[in-house]
Amino acid sequence: MVNEDPWHFKRHDLARRTLTLLTEGPARALTLFAPRRTGKTEFLIKDLGPQAETQGHRVVYMSFWQDPMSPLAALLHALETSLKQGSFADRLRRAGHALSPKLQLSIPMVGKAEVDVSTLTGKPPSEVLLYLDDLLERVSARGKPTILLLDEVQELARRQDNQALVAALRTALDKRPDRLKSVFTGSSREGLAAMFAARQAPFFHFATPIDLPALGEPFVDHILATMADATQRRPDRDEMLDAFHDLHRNPYYFRMLVETMLLNPGLTTAAALREVHHRVAAELGYQDTWLSLSPLQRAVAQALLEQAKPFSQPSRDFMAGKLDEGMPSQGRIQAALRKLQRLGLADREDGGWRLADPEWAMWIRDADV
């Protein structure tokens with residue numbers, strides 16, 4: 001089983017409710033939002049996917065983040081793999097292997113064709129989109145609906161070349177509303193809006209939006225209990241809860257904290273927490289990211305630390321104080337924001353803007369750059 005990992009905090013109730021909403025409610029698709037590295041993918045592959053498989057559904061998982069330059073190839077590979085023998089867990093393990101260099105496509109009215117998937121970049125050939133539709137027909141040819149788990153789908157909205165794929169996918173799902181149920185996830189609200197919420201969006205009103213609930217004290221208690229079982233060490237619970245909140249309730253960072261404490265038994269919780277902040281900054285390249293930005297982009301990022309309205313007069317005054325060139329125009333601020341957004345550093349939320357990674361925001365503040 002995928003979720004035999006003892007460190008995994010099982011979210012069976014959330015998986016059951018999500019699956020019920022998808023298969024028994026009016027929704028034919030869901031969009032699930034959560035910031036990156038907060039447990040979205042783990043929920044899909046260790047909770048929701050196995051739960052769906054246990055109830056007799058075929059489950060297909062793929063991430064558009066893993067292969068943003070060739071999403072069609074990755075999607076074809078995931079669908080092909082789902083038709084092979086084995087459990088959902090088996091298919092996930094096989095998915096870690098390299099894509100098959102060539103696919104034998106059986107295309108109606110065209111016959112068989114051989115396609116090198118490594119060349120499937122840019123605008124896809126129409127015959128390959130026909131093959132995608134054929135694959136979706138085959139994976140959904142069972143009694144219960146097939147569940148498609150499509151992770152970080154906002155990546156499709158970043159490239160003009162993906163429009164034909166998005167249109168073909170929408171058409172294929174429209175044709176099989178009772179046989180294909182989809183969960184689209186994203187770590188960018190604006191990116192998801194570009195796919196599902198804006199009136200001109202390709203999936204406008206296609207899916208019901210839900211948020212992945214943030215983890216809380218039960219998660220911390222589970223990790224502490226697992227830590228005690230594995231090592232007979234149990235740090236002070238209140239200190240660990242404070243550390244969890246200091247790490248923005250991020251499970252990825254919190255597990256890094258536990259790993260640091262296990263590798264360095266002499267460290268206090270506070271010392272281990274400082275080590276984690278340094279490690280995250282180094283591993284995610286915060287310094288290099290900062291140095292790669294233009295002076296205006298840096299000033300905009302710093303302004304977002306204080307408020308969500310970068311076009312306001314106080315924000316523009318702040319930016320002017322950071323720049324040698326005076327107050328920037330709204331057009332230049334907008335261009336800087338879009339650049340930060342493309343880099344995954346900023347995002348729109350509740351009508352304003354925010355830095356996408358609160359740990360990077362803390363690094364900027366603490367570094368006093």
# chains A, B, ... in the order shown; residues from 1 in each chain; ligands from 1
>>> residues_around(residues="stretch 216-227 of chain A", least_positions_apart="5", cutoff="7 Å", atoms="only C-alpha atoms", output="number ranges by chain")
A: 6-7, 9, 233-234, 241
>>> select_by_dssp(residues="stretch 126-206 of chain A", states="strand (DSSP E)", output="MDAnalysis selection string")
chainID A and resid 146:151 180:186
>>> closest_residue(among="A:Gln334, A:Thr185, A:Gln302, A:Ser140", to="A:Arg365", atoms="only C-alpha atoms")
A:Gln302
>>> residues_around(residues="A:Leu215", least_positions_apart="4", cutoff="10 Å", atoms="only C-alpha atoms", output="MDAnalysis selection string")
chainID A and resid 9 11 38:39 219:220 244 249:251
>>> write_last_selection(atoms="N, CA, C and O atoms", output="compact mmCIF listing (two decimals), in the first residue's frame")
# COMPACT_ATOMS: atom_id res chain seq x y z
N PHE A 9 0.58 11.15 7.86
CA PHE A 9 -0.61 11.46 8.65
C PHE A 9 -1.83 11.19 7.79
O PHE A 9 -2.11 11.92 6.84
N ARG A 11 -5.42 10.97 6.26
CA ARG A 11 -6.60 11.86 6.25
C ARG A 11 -7.76 11.13 5.59
O ARG A 11 -8.32 11.56 4.58
N THR A 38 2.62 21.82 0.98
CA THR A 38 1.76 21.75 2.16
C THR A 38 0.95 20.45 2.22
O THR A 38 -0.01 20.37 2.98
N GLY A 39 1.31 19.45 1.42
CA GLY A 39 0.69 18.14 1.55
C GLY A 39 -0.35 17.79 0.52
O GLY A 39 -1.01 16.75 0.63
N PHE A 219 -1.80 16.46 13.48
CA PHE A 219 -0.63 16.12 12.66
C PHE A 219 0.64 16.13 13.50
O PHE A 219 1.46 15.20 13.43
N VAL A 220 0.82 17.17 14.31
CA VAL A 220 2.00 17.25 15.16
C VAL A 220 2.03 16.09 16.14
O VAL A 220 3.08 15.45 16.35
N PHE A 244 6.02 24.32 14.78
CA PHE A 244 5.13 24.04 13.64
C PHE A 244 4.50 25.33 13.13
O PHE A 244 4.45 25.59 11.92
N ARG A 249 2.95 26.12 9.56
CA ARG A 249 2.13 24.90 9.55
C ARG A 249 2.39 24.08 8.29
O ARG A 249 1.49 23.44 7.75
N ASN A 250 3.63 24.11 7.86
CA ASN A 250 4.01 23.43 6.63
C ASN A 250 4.55 22.04 6.98
O ASN A 250 5.58 21.91 7.65
N PRO A 251 3.89 20.96 6.53
CA PRO A 251 4.33 19.61 6.91
C PRO A 251 5.71 19.25 6.37
O PRO A 251 6.46 18.51 7.01
>>> residues_around(residues="A:Gly143", least_positions_apart="2", cutoff="12 Å", atoms="only C-alpha atoms", output="PyMOL selection string")
chain A and resi 55-58+139-141+145-146+178-180
>>> select_by_dssp(residues="stretch 105-326 of chain A", states="helix (DSSP H, G or I)", output="number ranges by chain")
A: 117-119, 126-139, 153-158, 160-175, 189-197, 217-231, 237-246, 251-263, 269-283, 286-292, 295-306, 313-322
>>> residues_around(residues="A:Leu83", least_positions_apart="4", cutoff="10 Å", atoms="only C-alpha atoms", output="NGL selection string")
:A and (58 or 60 or 78-79 or 91 or 135 or 138-139)
>>> write_last_selection(atoms="N, CA and C atoms", output="JSON list (two decimals), in the first residue's frame")
[["chain", "number", "residue", "atom", "x", "y", "z"],
["A", 58, "ARG", "N", -10.89, 2.96, -10.98],
["A", 58, "ARG", "CA", -9.54, 3.10, -11.55],
["A", 58, "ARG", "C", -9.07, 4.51, -11.24],
["A", 60, "VAL", "N", -5.99, 7.46, -11.89],
["A", 60, "VAL", "CA", -4.87, 7.93, -12.71],
["A", 60, "VAL", "C", -4.32, 9.20, -12.07],
["A", 78, "ALA", "N", 0.83, 8.55, -18.26],
["A", 78, "ALA", "CA", 0.05, 8.20, -17.08],
["A", 78, "ALA", "C", -1.18, 7.37, -17.46],
["A", 79, "LEU", "N", -1.83, 7.72, -18.55],
["A", 79, "LEU", "CA", -3.01, 6.98, -18.99],
["A", 79, "LEU", "C", -2.63, 5.58, -19.48],
["A", 91, "ARG", "N", 1.61, 1.39, -9.92],
["A", 91, "ARG", "CA", 1.72, 2.29, -11.07],
["A", 91, "ARG", "C", 2.49, 3.56, -10.70],
["A", 135, "LEU", "N", -7.50, 7.04, -25.49],
["A", 135, "LEU", "CA", -7.01, 6.54, -24.21],
["A", 135, "LEU", "C", -8.00, 6.83, -23.09],
["A", 138, "ARG", "N", -10.73, 4.39, -23.20],
["A", 138, "ARG", "CA", -10.37, 3.06, -22.69],
["A", 138, "ARG", "C", -10.22, 3.04, -21.17],
["A", 139, "VAL", "N", -9.63, 4.07, -20.59],
["A", 139, "VAL", "CA", -9.45, 4.04, -19.13],
["A", 139, "VAL", "C", -10.78, 4.22, -18.40]]
>>> residues_around(residues="A:Leu262", least_positions_apart="3", cutoff="12 Å", atoms="only C-alpha atoms", output="list of chain:residue names")
A:Leu224, A:Met227, A:Ala228, A:Ala230, A:Thr231, A:Gln232, A:Arg233, A:Arg234, A:Pro235, A:Arg255, A:Met256, A:Leu257, A:Val258, A:Glu259, A:Pro265, A:Gly266, A:Leu267, A:Thr268, A:Thr269, A:Ala272
>>> write_last_selection(atoms="C-alpha atoms", output="tab-separated table (two decimals), in the first residue's frame")
chain	number	residue	atom	x	y	z
A	224	LEU	CA	5.67	13.05	17.76
A	227	MET	CA	9.16	9.79	16.50
A	228	ALA	CA	8.78	8.22	19.95
A	230	ALA	CA	11.06	4.96	16.17
A	231	THR	CA	13.62	6.50	18.52
A	232	GLN	CA	12.12	6.62	22.05
A	233	ARG	CA	12.64	10.37	21.90
A	234	ARG	CA	9.73	12.75	22.50
A	235	PRO	CA	10.48	16.51	22.47
A	255	ARG	CA	9.36	16.91	8.89
A	256	MET	CA	12.66	18.58	8.03
A	257	LEU	CA	12.74	19.82	11.65
A	258	VAL	CA	12.16	16.29	12.99
A	259	GLU	CA	14.82	14.90	10.65
A	265	PRO	CA	20.19	14.49	19.12
A	266	GLY	CA	21.98	17.19	21.09
A	267	LEU	CA	20.12	20.07	19.43
A	268	THR	CA	17.34	21.85	21.28
A	269	THR	CA	14.09	22.47	19.42
A	272	ALA	CA	17.00	22.76	15.25
>>> atom_distance(atom1="atom CA of A:Leu323", atom2="atom CA of A:Leu337")
16.1 Å
